[in-house]
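Below: the structure, in structure tokens.
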2 protein chains.
Amino acid sequence: MDEPVVLFANEAFYLAFAGRDYPAMDAIWSRRPSVTCIHPGWRALIGREAVMKSWRAILDSPDSPRIVCRNAVARVLGDVAYVICCEIISNGVFAATNVFIREDGGWKLIHHQAGASPLPLSETGSLRDQLQ
Amino acid sequence: MDEPVVLFANEAFYLAFAGRDYPAMDAIWSRRPSVTCIHPGWRALIGREAVMKSWRAILDSPDSPRIVCRNAVARVLGDVAYVICCEIISNGVFAATNVFIREDGGWKLIHHQAGASPLPLSETGSLRDQLQ
């Protein structure tokens, strides 16, 4: 019954993103120095310092996009889990992979990748309404 | 010392892709029905049937791109591992996440995501030369 807990951790990630809440984002990521992140159109970031620096810049930016997560599906594989989901952002729709690890009694993010994804315009429109 | 073995499995994935070798691609993917895949610009594919159908279409297509994998970095987390790497394709450069699971004594792919990624033009050029 770990899937709902992993999905909750995934939702917390998007709430921190949407709320531009850097302390929450920092707490969501694993303390491991080896975490990784691939933002849409960025090169891969390797290491916690580089990853958190990117989040600081994104969350501090006045252009930081509004974001909603939809259609999340979790796969739990022992002490590792991943979620694939759809990110509805004001400037586009993205597909994402979020990899979590069991750490300190919870699920912590160790890798995130998001990239452009098509969605039928009708569906995009109704989902974008939720950003308003 | 699992990292080299995971990187070898990752390399086998790209060799199957480059060689348009569907049986090899089929063998590389886990037998689990729950595997997932996000091709660049596609919506997420969920389930082995949908994922392998996509690979059949990609590998059978005369437009199937040539591909080389570079800068692969592996993270092993017990019986799960993931690789992030750069895909140099004739029509662009992509960043990828490949998630593997220990299965039948080897490492099998359970999730793949690739998305557009920038690379300095000079580096892209020299890497694209390797596709010739």
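We label chains A, B, ... in the order they appear in the structure tokens, count residues from 1 in each chain, and number ligands from 1 in the order shown.
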
Determine, using only C-alpha atoms, which residues of chain A have any atom at most 6 Å from an atom of chain B, and tabulate each with its shortest atom pair and distance in Å to one decimal place, rows ordered by chain and then rising number, as a Markdown table.
| residue | atom | partner | partner_atom | distance |
| --- | --- | --- | --- | --- |
| A:Gly41 | CA | B:Ser117 | CA | 4.5 |
| A:Trp42 | CA | B:Ser117 | CA | 5.5 |
| A:Arg43 | CA | B:Ser117 | CA | 5.8 |
| A:Gly115 | CA | B:Gly115 | CA | 5.1 |
| A:Ala116 | CA | B:Gly41 | CA | 5.6 |
| A:Ser117 | CA | B:Gly41 | CA | 4.5 |

- Task: List every residue of chain A that DSSP, applied to the backbone of this structure, assigns to alpha helix (DSSP H), and report them as a PyMOL selection string.
- Result: chain A and resi 3-18+22-28+48-60+121-129

Hey, can you spit out that residue selection with C-alpha atoms as a CSV table (one decimal), in the first residue's frame?
chain,number,residue,atom,x,y,z
A,3,GLU,CA,1.5,3.8,-3.9
A,4,PRO,CA,-0.8,6.4,-2.2
A,5,VAL,CA,2.1,7.5,0.0
A,6,VAL,CA,4.4,7.9,-3.0
A,7,LEU,CA,1.7,9.8,-4.9
A,8,PHE,CA,1.3,12.1,-1.8
A,9,ALA,CA,5.1,12.8,-1.9
A,10,ASN,CA,4.8,13.5,-5.6
A,11,GLU,CA,1.9,15.9,-4.9
A,12,ALA,CA,4.0,17.6,-2.2
A,13,PHE,CA,6.7,18.2,-4.8
A,14,TYR,CA,4.2,20.0,-7.1
A,15,LEU,CA,2.7,22.0,-4.2
A,16,ALA,CA,6.2,23.2,-3.3
A,17,PHE,CA,6.8,24.1,-7.0
A,18,ALA,CA,3.5,25.9,-7.4
A,22,TYR,CA,12.1,26.6,-1.5
A,23,PRO,CA,12.3,25.2,2.1
A,24,ALA,CA,9.6,22.7,1.2
A,25,MET,CA,11.3,21.8,-2.1
A,26,ASP,CA,14.6,21.4,-0.2
A,27,ALA,CA,12.9,19.1,2.3
A,28,ILE,CA,11.3,17.0,-0.5
A,48,ARG,CA,22.5,18.0,-4.8
A,49,GLU,CA,24.2,21.4,-4.9
A,50,ALA,CA,23.6,21.9,-8.6
A,51,VAL,CA,20.0,20.6,-8.4
A,52,MET,CA,19.0,22.7,-5.5
A,53,LYS,CA,20.7,25.8,-7.0
A,54,SER,CA,18.5,25.3,-10.0
A,55,TRP,CA,15.3,25.1,-7.9
A,56,ARG,CA,16.3,28.2,-6.0
A,57,ALA,CA,16.7,30.0,-9.3
A,58,ILE,CA,13.4,28.7,-10.7
A,59,LEU,CA,11.3,29.3,-7.5
A,60,ASP,CA,12.9,32.8,-7.0
A,121,LEU,CA,-6.0,20.9,-27.2
A,122,SER,CA,-9.5,20.4,-25.7
A,123,GLU,CA,-8.0,18.6,-22.7
A,124,THR,CA,-5.2,21.1,-22.4
A,125,GLY,CA,-7.7,23.9,-22.4
A,126,SER,CA,-9.8,22.5,-19.6
A,127,LEU,CA,-6.7,21.7,-17.5
A,128,ARG,CA,-5.2,25.2,-18.1
A,129,ASP,CA,-8.4,26.6,-16.7

- Task: Go through B:Met1, B:Asn91, B:Ser30, B:Ser64 one by one, measure the shortest atom-to-atom distance of each to Leu109 of chain B using only C-alpha atoms, and give the residue with the smallest value.
- Result: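 Nearest to Leu109 of chain B: B:Ser30.
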
- Item | Filtered DSSP result for segment 28-80 of chain A, state strand (DSSP E), as a PyMOL selection string | chain A and resi 36-38+45-46+67-77+80

Export all heavy atoms of the chosen residues as a compact mmCIF listing (two decimals), in the first residue's frame?
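Result written to selection-v7.txt:
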# COMPACT_ATOMS: atom_id res chain seq x y z
N THR A 36 19.87 13.88 -8.99
CA THR A 36 19.99 14.37 -10.36
C THR A 36 18.68 14.99 -10.83
O THR A 36 17.61 14.70 -10.26
CB THR A 36 20.36 13.20 -11.31
OG1 THR A 36 19.46 12.10 -11.06
CG2 THR A 36 21.79 12.72 -11.10
N CYS A 37 18.74 15.82 -11.85
CA CYS A 37 17.54 16.52 -12.32
C CYS A 37 17.72 16.95 -13.77
O CYS A 37 18.79 17.45 -14.15
CB CYS A 37 17.32 17.74 -11.42
SG CYS A 37 15.78 18.62 -11.72
N ILE A 38 16.68 16.74 -14.57
CA ILE A 38 16.70 17.20 -15.96
C ILE A 38 15.47 18.07 -16.18
O ILE A 38 14.36 17.58 -16.39
CB ILE A 38 16.73 16.02 -16.96
CG1 ILE A 38 17.92 15.09 -16.68
CG2 ILE A 38 16.80 16.55 -18.40
CD1 ILE A 38 17.92 13.80 -17.52
N LEU A 45 21.47 17.92 -14.61
CA LEU A 45 22.16 18.45 -13.44
C LEU A 45 22.51 17.27 -12.52
O LEU A 45 21.64 16.46 -12.22
CB LEU A 45 21.28 19.45 -12.69
CG LEU A 45 20.83 20.67 -13.50
CD1 LEU A 45 19.84 21.50 -12.72
CD2 LEU A 45 22.04 21.51 -13.90
N ILE A 46 23.75 17.21 -12.11
CA ILE A 46 24.21 16.07 -11.31
C ILE A 46 24.76 16.58 -9.98
O ILE A 46 25.66 17.42 -9.94
CB ILE A 46 25.29 15.28 -12.09
CG1 ILE A 46 24.66 14.68 -13.35
CG2 ILE A 46 25.89 14.17 -11.21
CD1 ILE A 46 25.61 13.92 -14.23
N ILE A 67 1.88 25.75 -12.02
CA ILE A 67 1.96 24.34 -12.41
C ILE A 67 0.93 23.51 -11.66
O ILE A 67 0.64 23.75 -10.49
CB ILE A 67 3.39 23.79 -12.15
CG1 ILE A 67 3.55 22.36 -12.65
CG2 ILE A 67 3.78 23.91 -10.68
CD1 ILE A 67 5.01 21.92 -12.75
N VAL A 68 0.37 22.55 -12.40
CA VAL A 68 -0.56 21.59 -11.81
C VAL A 68 -0.14 20.21 -12.30
O VAL A 68 0.23 20.04 -13.46
CB VAL A 68 -2.01 21.87 -12.24
CG1 VAL A 68 -2.93 20.73 -11.84
CG2 VAL A 68 -2.53 23.17 -11.61
N CYS A 69 -0.17 19.22 -11.42
CA CYS A 69 0.16 17.84 -11.79
C CYS A 69 -1.12 17.05 -12.00
O CYS A 69 -2.04 17.14 -11.19
CB CYS A 69 1.01 17.23 -10.67
SG CYS A 69 1.16 15.43 -10.77
N ARG A 70 -1.16 16.28 -13.09
CA ARG A 70 -2.33 15.45 -13.37
C ARG A 70 -1.90 14.06 -13.84
O ARG A 70 -0.78 13.89 -14.30
CB ARG A 70 -3.18 16.10 -14.49
CG ARG A 70 -3.93 17.33 -14.03
CD ARG A 70 -5.08 16.96 -13.09
NE ARG A 70 -5.79 18.14 -12.59
CZ ARG A 70 -5.48 18.81 -11.49
NH1 ARG A 70 -4.45 18.42 -10.76
NH2 ARG A 70 -6.17 19.87 -11.10
N ASN A 71 -2.82 13.12 -13.74
CA ASN A 71 -2.64 11.76 -14.28
C ASN A 71 -1.40 11.06 -13.72
O ASN A 71 -0.69 10.35 -14.44
CB ASN A 71 -2.53 11.81 -15.81
CG ASN A 71 -3.74 12.46 -16.46
OD1 ASN A 71 -4.81 12.50 -15.87
ND2 ASN A 71 -3.56 12.98 -17.66
N ALA A 72 -1.14 11.24 -12.44
CA ALA A 72 0.04 10.61 -11.84
C ALA A 72 -0.17 9.11 -11.67
O ALA A 72 -1.23 8.66 -11.22
CB ALA A 72 0.35 11.26 -10.50
N VAL A 73 0.84 8.36 -12.03
CA VAL A 73 0.84 6.90 -11.88
C VAL A 73 2.12 6.53 -11.14
O VAL A 73 3.21 6.94 -11.54
CB VAL A 73 0.82 6.20 -13.25
CG1 VAL A 73 0.98 4.69 -13.10
CG2 VAL A 73 -0.47 6.52 -14.00
N ALA A 74 1.99 5.76 -10.05
CA ALA A 74 3.17 5.39 -9.25
C ALA A 74 3.50 3.92 -9.43
O ALA A 74 2.62 3.07 -9.58
CB ALA A 74 2.89 5.67 -7.77
N ARG A 75 4.79 3.64 -9.42
CA ARG A 75 5.30 2.27 -9.43
C ARG A 75 6.24 2.14 -8.25
O ARG A 75 7.25 2.85 -8.17
CB ARG A 75 6.08 1.99 -10.73
CG ARG A 75 5.25 2.09 -12.00
CD ARG A 75 4.43 0.82 -12.20
NE ARG A 75 3.75 0.81 -13.49
CZ ARG A 75 2.44 1.03 -13.65
NH1 ARG A 75 1.68 1.33 -12.61
NH2 ARG A 75 1.89 0.96 -14.85
N VAL A 76 5.91 1.24 -7.33
CA VAL A 76 6.76 1.03 -6.15
C VAL A 76 7.56 -0.25 -6.34
O VAL A 76 7.00 -1.30 -6.66
CB VAL A 76 5.91 0.94 -4.87
CG1 VAL A 76 6.81 0.73 -3.66
CG2 VAL A 76 5.08 2.21 -4.71
N LEU A 77 8.88 -0.14 -6.17
CA LEU A 77 9.80 -1.26 -6.39
C LEU A 77 10.66 -1.41 -5.14
O LEU A 77 11.84 -1.05 -5.13
CB LEU A 77 10.67 -0.97 -7.62
CG LEU A 77 9.89 -0.51 -8.88
CD1 LEU A 77 10.76 0.33 -9.80
CD2 LEU A 77 9.35 -1.73 -9.63
N VAL A 80 12.49 1.85 -3.65
CA VAL A 80 12.56 2.87 -4.70
C VAL A 80 11.19 2.91 -5.37
O VAL A 80 10.49 1.90 -5.44
CB VAL A 80 13.65 2.52 -5.74
CG1 VAL A 80 13.72 3.58 -6.83
CG2 VAL A 80 15.01 2.36 -5.06

- Query: In Å to one decimal, how far is atom CA of Pro65 of chain A from atom CA of Trp107 of chain A?
  - Reply: 25.0 Å

- Item | Atomic distance atom CA of Arg102 of chain A - atom CA of Gly105 of chain B, expressed in Å with one decimal |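 These two atoms are separated by 23.8 Å.
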
- Item | Distance of atom CA of Ile88 of chain B from atom CA of Arg20 of chain B, expressed in Å to one decimal place |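 Computing the Euclidean distance for atom CA of Arg20 of chain B and atom CA of Ile88 of chain B yields 15.8 Å.
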